[in-house]
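Below is work33.pdb, which holds PDB, C-alpha atoms, pLDDT in the B column.
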ATOM      1  CA  MET P 172      42.877 -52.742  77.068  1.00 34.00           C
ATOM      2  CA  ASP P 173      45.660 -50.745  78.583  1.00 35.00           C
ATOM      3  CA  GLY P 174      49.162 -51.958  77.947  1.00 35.00           C
ATOM      4  CA  GLU P 175      48.282 -53.983  74.860  1.00 40.00           C
ATOM      5  CA  PHE P 176      49.234 -53.051  71.341  1.00 36.00           C
ATOM      6  CA  GLY P 177      47.499 -53.633  68.049  1.00 45.00           C
ATOM      7  CA  GLY P 178      50.342 -53.176  65.601  1.00 44.00           C
ATOM      8  CA  ILE P 179      52.635 -50.488  64.306  1.00 39.00           C
ATOM      9  CA  THR P 180      51.543 -47.207  62.707  1.00 43.00           C
ATOM     10  CA  GLU P 181      53.032 -45.954  59.436  1.00 48.00           C
ATOM     11  CA  GLY P 182      55.350 -43.736  61.508  1.00 46.00           C
ATOM     12  CA  GLY P 183      56.713 -46.771  63.345  1.00 42.00           C
ATOM     13  CA  ALA P 184      54.996 -46.105  66.683  1.00 40.00           C
ATOM     14  CA  LEU P 185      53.118 -48.816  68.525  1.00 37.00           C
ATOM     15  CA  ARG P 186      49.359 -48.412  68.103  1.00 45.00           C
ATOM     16  CA  PRO P 187      47.270 -49.193  71.212  1.00 52.00           C
ATOM     17  CA  ARG P 188      44.645 -51.905  70.750  1.00 63.00           C
ATOM     18  CA  MET P 189      41.132 -50.534  71.041  1.00 74.00           C
ATOM     19  CA  GLY P 190      38.601 -52.630  72.921  1.00 89.00           C
ATOM     20  CA  ARG P 191      34.951 -52.861  71.929  1.00 93.00           C
ATOM     21  CA  ALA P 192      33.752 -50.629  74.785  1.00 94.00           C
ATOM     22  CA  VAL P 193      36.203 -47.857  73.868  1.00 94.00           C
ATOM     23  CA  ILE P 194      35.141 -48.026  70.229  1.00 94.00           C
ATOM     24  CA  GLU P 195      31.458 -48.000  71.214  1.00 96.00           C
ATOM     25  CA  ARG P 196      31.958 -44.871  73.338  1.00 96.00           C
ATOM     26  CA  TRP P 197      33.752 -43.123  70.480  1.00 96.00           C
ATOM     27  CA  LEU P 198      30.987 -44.054  68.037  1.00 97.00           C
ATOM     28  CA  VAL P 199      28.230 -42.991  70.463  1.00 97.00           C
ATOM     29  CA  SER P 200      29.799 -39.578  70.874  1.00 96.00           C
ATOM     30  CA  ARG P 201      30.141 -39.052  67.095  1.00 96.00           C
ATOM     31  CA  VAL P 202      26.655 -40.330  66.265  1.00 97.00           C
ATOM     32  CA  ALA P 203      25.183 -38.131  69.007  1.00 96.00           C
ATOM     33  CA  VAL P 204      26.809 -35.047  67.492  1.00 94.00           C
ATOM     34  CA  ALA P 205      25.752 -35.949  63.947  1.00 92.00           C
ATOM     35  CA  ALA P 206      22.187 -36.727  65.047  1.00 93.00           C
ATOM     36  CA  ARG P 207      21.998 -33.791  67.475  1.00 93.00           C
ATOM     37  CA  GLU P 208      21.088 -36.183  70.279  1.00 95.00           C
ATOM     38  CA  ASN P 209      22.224 -36.574  73.855  1.00 96.00           C
ATOM     39  CA  PRO P 210      24.839 -39.370  73.958  1.00 97.00           C
ATOM     40  CA  ALA P 211      22.837 -41.022  76.761  1.00 97.00           C
ATOM     41  CA  GLU P 212      19.926 -41.372  74.320  1.00 96.00           C
ATOM     42  CA  ILE P 213      21.932 -43.289  71.705  1.00 97.00           C
ATOM     43  CA  ASP P 214      20.996 -46.983  71.575  1.00 98.00           C
ATOM     44  CA  ILE P 215      23.983 -48.954  70.292  1.00 98.00           C
ATOM     45  CA  THR P 216      21.744 -51.746  68.996  1.00 98.00           C
ATOM     46  CA  LEU P 217      19.708 -49.530  66.667  1.00 97.00           C
ATOM     47  CA  PRO P 218      20.810 -49.149  63.054  1.00 95.00           C
ATOM     48  CA  PHE P 219      22.617 -45.946  62.103  1.00 94.00           C
ATOM     49  CA  SER P 220      19.601 -45.137  59.932  1.00 92.00           C
ATOM     50  CA  ALA P 221      17.513 -44.719  63.110  1.00 95.00           C
ATOM     51  CA  TYR P 222      19.542 -41.558  63.730  1.00 94.00           C
ATOM     52  CA  ALA P 223      18.921 -40.233  60.213  1.00 90.00           C
ATOM     53  CA  LEU P 224      22.577 -40.331  59.266  1.00 87.00           C
ATOM     54  CA  ASP P 225      22.830 -39.577  55.567  1.00 84.00           C
ATOM     55  CA  SER P 226      25.629 -40.730  53.272  1.00 85.00           C
ATOM     56  CA  ALA P 227      27.681 -37.600  54.003  1.00 89.00           C
ATOM     57  CA  ALA P 228      27.444 -38.221  57.760  1.00 90.00           C
ATOM     58  CA  ALA P 229      28.364 -41.885  57.222  1.00 89.00           C
ATOM     59  CA  ALA P 230      31.398 -40.864  55.169  1.00 91.00           C
ATOM     60  CA  GLU P 231      32.452 -38.409  57.894  1.00 93.00           C
ATOM     61  CA  LEU P 232      32.051 -41.093  60.530  1.00 94.00           C
ATOM     62  CA  THR P 233      34.185 -43.522  58.532  1.00 94.00           C
ATOM     63  CA  ALA P 234      36.852 -40.857  57.885  1.00 95.00           C
ATOM     64  CA  GLY P 235      36.924 -40.030  61.594  1.00 95.00           C
ATOM     65  CA  LEU P 236      37.347 -43.712  62.433  1.00 93.00           C
ATOM     66  CA  GLU P 237      40.208 -43.995  59.961  1.00 93.00           C
ATOM     67  CA  ASP P 238      41.994 -41.080  61.596  1.00 94.00           C
ATOM     68  CA  TRP P 239      41.296 -42.274  65.138  1.00 92.00           C
ATOM     69  CA  LEU P 240      42.322 -45.879  64.456  1.00 89.00           C
ATOM     70  CA  ASP P 241      45.120 -44.919  62.061  1.00 88.00           C
ATOM     71  CA  SER P 242      43.754 -47.500  59.649  1.00 88.00           C
ATOM     72  CA  SER P 243      42.250 -47.611  56.170  1.00 91.00           C
ATOM     73  CA  LEU P 244      38.584 -48.618  56.194  1.00 93.00           C
ATOM     74  CA  PRO P 245      36.189 -49.479  53.353  1.00 92.00           C
ATOM     75  CA  PRO P 246      33.630 -46.807  52.418  1.00 89.00           C
ATOM     76  CA  THR P 247      30.835 -49.375  52.880  1.00 91.00           C
ATOM     77  CA  LEU P 248      31.733 -49.977  56.526  1.00 92.00           C
ATOM     78  CA  ILE P 249      28.591 -48.344  57.961  1.00 92.00           C
ATOM     79  CA  TRP P 250      26.365 -50.430  55.676  1.00 91.00           C
ATOM     80  CA  ASP P 251      28.303 -53.641  56.298  1.00 95.00           C
ATOM     81  CA  TYR P 252      27.992 -53.193  60.084  1.00 96.00           C
ATOM     82  CA  PRO P 253      24.801 -51.124  60.467  1.00 94.00           C
ATOM     83  CA  SER P 254      24.781 -50.454  64.224  1.00 97.00           C
ATOM     84  CA  ILE P 255      27.267 -49.094  66.724  1.00 97.00           C
ATOM     85  CA  GLN P 256      27.339 -52.459  68.475  1.00 97.00           C
ATOM     86  CA  GLN P 257      28.021 -54.442  65.285  1.00 97.00           C
ATOM     87  CA  LEU P 258      30.620 -51.988  64.030  1.00 96.00           C
ATOM     88  CA  ALA P 259      32.450 -51.841  67.369  1.00 96.00           C
ATOM     89  CA  ARG P 260      32.574 -55.645  67.578  1.00 95.00           C
ATOM     90  CA  HIS P 261      33.989 -55.840  64.070  1.00 94.00           C
ATOM     91  CA  LEU P 262      36.589 -53.138  64.653  1.00 93.00           C
ATOM     92  CA  ALA P 263      37.669 -54.626  67.981  1.00 90.00           C
ATOM     93  CA  ARG P 264      38.254 -57.983  66.251  1.00 87.00           C
ATOM     94  CA  GLU P 265      40.222 -56.243  63.491  1.00 80.00           C
ATOM     95  CA  GLN P 266      42.351 -54.474  66.096  1.00 70.00           C
ATOM     96  CA  GLY P 267      43.087 -57.769  67.884  1.00 61.00           C
TER      97      GLY P 267
END

Written form, structure tokens:
Amino acid sequence: MDGEFGGITEGGALRPRMGRAVIERWLVSRVAVAARENPAEIDITLPFSAYALDSAAAAELTAGLEDWLDSSLPPTLIWDYPSIQQLARHLAREQG
């Protein structure tokens, strides 16, 4: 969603709004690395557990999202939204 903004960062800069597709791509790339899979093999509808992500990997994923989105996220995020598709939809709504 080029040209749109989703708020102001702590430093006062405008934060770009992230669309669902952008968030999905980011999540696919991180899950692929954590699961040692080819990103093309990641199914966004499968639960994170299908990729054998343990609690440490889930915490890393959440921390990475916090940094990337410049936002504080709950530690239960991966369990609340258990697939890439569900999580991306949720985060895109939160960004909007």

For each of P:Leu240, P:Ala206, P:Ile213, P:Ala259, take the minimum atom-to-atom distance to Ala228 in chain P, counting only C-alpha atoms, then give the residue where this is smallest.
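That would be P:Ala206, the residue with the smallest distance to Ala228 in chain P.
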
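Note that CA of Val193 in chain P and CA of Asp238 in chain P are 15.2 Å apart.
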
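Those residues that approach range 254-256 of chain P to within 8 Å, counting all atoms listed in the file, are Glu195, Leu198, Val199, Ile215, Thr216, Leu217, Pro218, Phe219, Ile249 and Arg260 of chain P; same-chain residues fewer than 4 positions away are not listed.
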
Using C-alpha atoms, can you export the residues from the last selection as a tab-separated table (two decimals), in the frame of the given file?
chain	number	residue	atom	x	y	z
P	195	GLU	CA	31.46	-48.00	71.21
P	198	LEU	CA	30.99	-44.05	68.04
P	199	VAL	CA	28.23	-42.99	70.46
P	215	ILE	CA	23.98	-48.95	70.29
P	216	THR	CA	21.74	-51.75	69.00
P	217	LEU	CA	19.71	-49.53	66.67
P	218	PRO	CA	20.81	-49.15	63.05
P	219	PHE	CA	22.62	-45.95	62.10
P	249	ILE	CA	28.59	-48.34	57.96
P	260	ARG	CA	32.57	-55.64	67.58

Point out the residue among P:Tyr222, P:Trp250, P:Gly235, P:Ala229 with the least atom-to-atom distance to Ile194 in chain P, counting only C-alpha atoms.
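The shortest atom-to-atom distance to Ile194 in chain P comes from P:Gly235.
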
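You will find CA of Ala211 in chain P at 26.6 Å from CA of Glu265 in chain P.
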
All residues 9 Å or closer to Ala205 in chain P, all atoms listed in the file, same chain fewer than 3 positions away omitted, as a list in words:
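Here the answer would be Ser200, Arg201, Val202, Glu208, Tyr222, Ala223, Leu224, Ala228 and Leu232 of chain P.
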
Which is closest to Pro246 in chain P among P:Val204, P:Leu258, P:Gly190, P:Thr233, if we use all atoms listed in the file?
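Ranking P:Val204, P:Leu258, P:Gly190, P:Thr233 by distance to Pro246 in chain P, first place goes to P:Thr233.
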
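With CA of Glu231 in chain P on one side and CA of Glu212 in chain P on the other, the separation reads 20.9 Å.
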
Would you pick out the contacts of Glu237 in chain P at 12 Å or less, using only C-alpha atoms, so that residues sharing its chain but fewer than 6 positions from it are not included, and give the list as a ChimeraX atom specification?
/P:230-231,243-246,248,262

Could you take the residues named above and write them with C-alpha atoms, as a PDB file, in the coordinates of the input?
ATOM      1  CA  ALA P 230      31.398 -40.864  55.169  1.00 91.00           C
ATOM      2  CA  GLU P 231      32.452 -38.409  57.894  1.00 93.00           C
ATOM      3  CA  SER P 243      42.250 -47.611  56.170  1.00 91.00           C
ATOM      4  CA  LEU P 244      38.584 -48.618  56.194  1.00 93.00           C
ATOM      5  CA  PRO P 245      36.189 -49.479  53.353  1.00 92.00           C
ATOM      6  CA  PRO P 246      33.630 -46.807  52.418  1.00 89.00           C
ATOM      7  CA  LEU P 248      31.733 -49.977  56.526  1.00 92.00           C
ATOM      8  CA  LEU P 262      36.589 -53.138  64.653  1.00 93.00           C
TER       9      LEU P 262
END
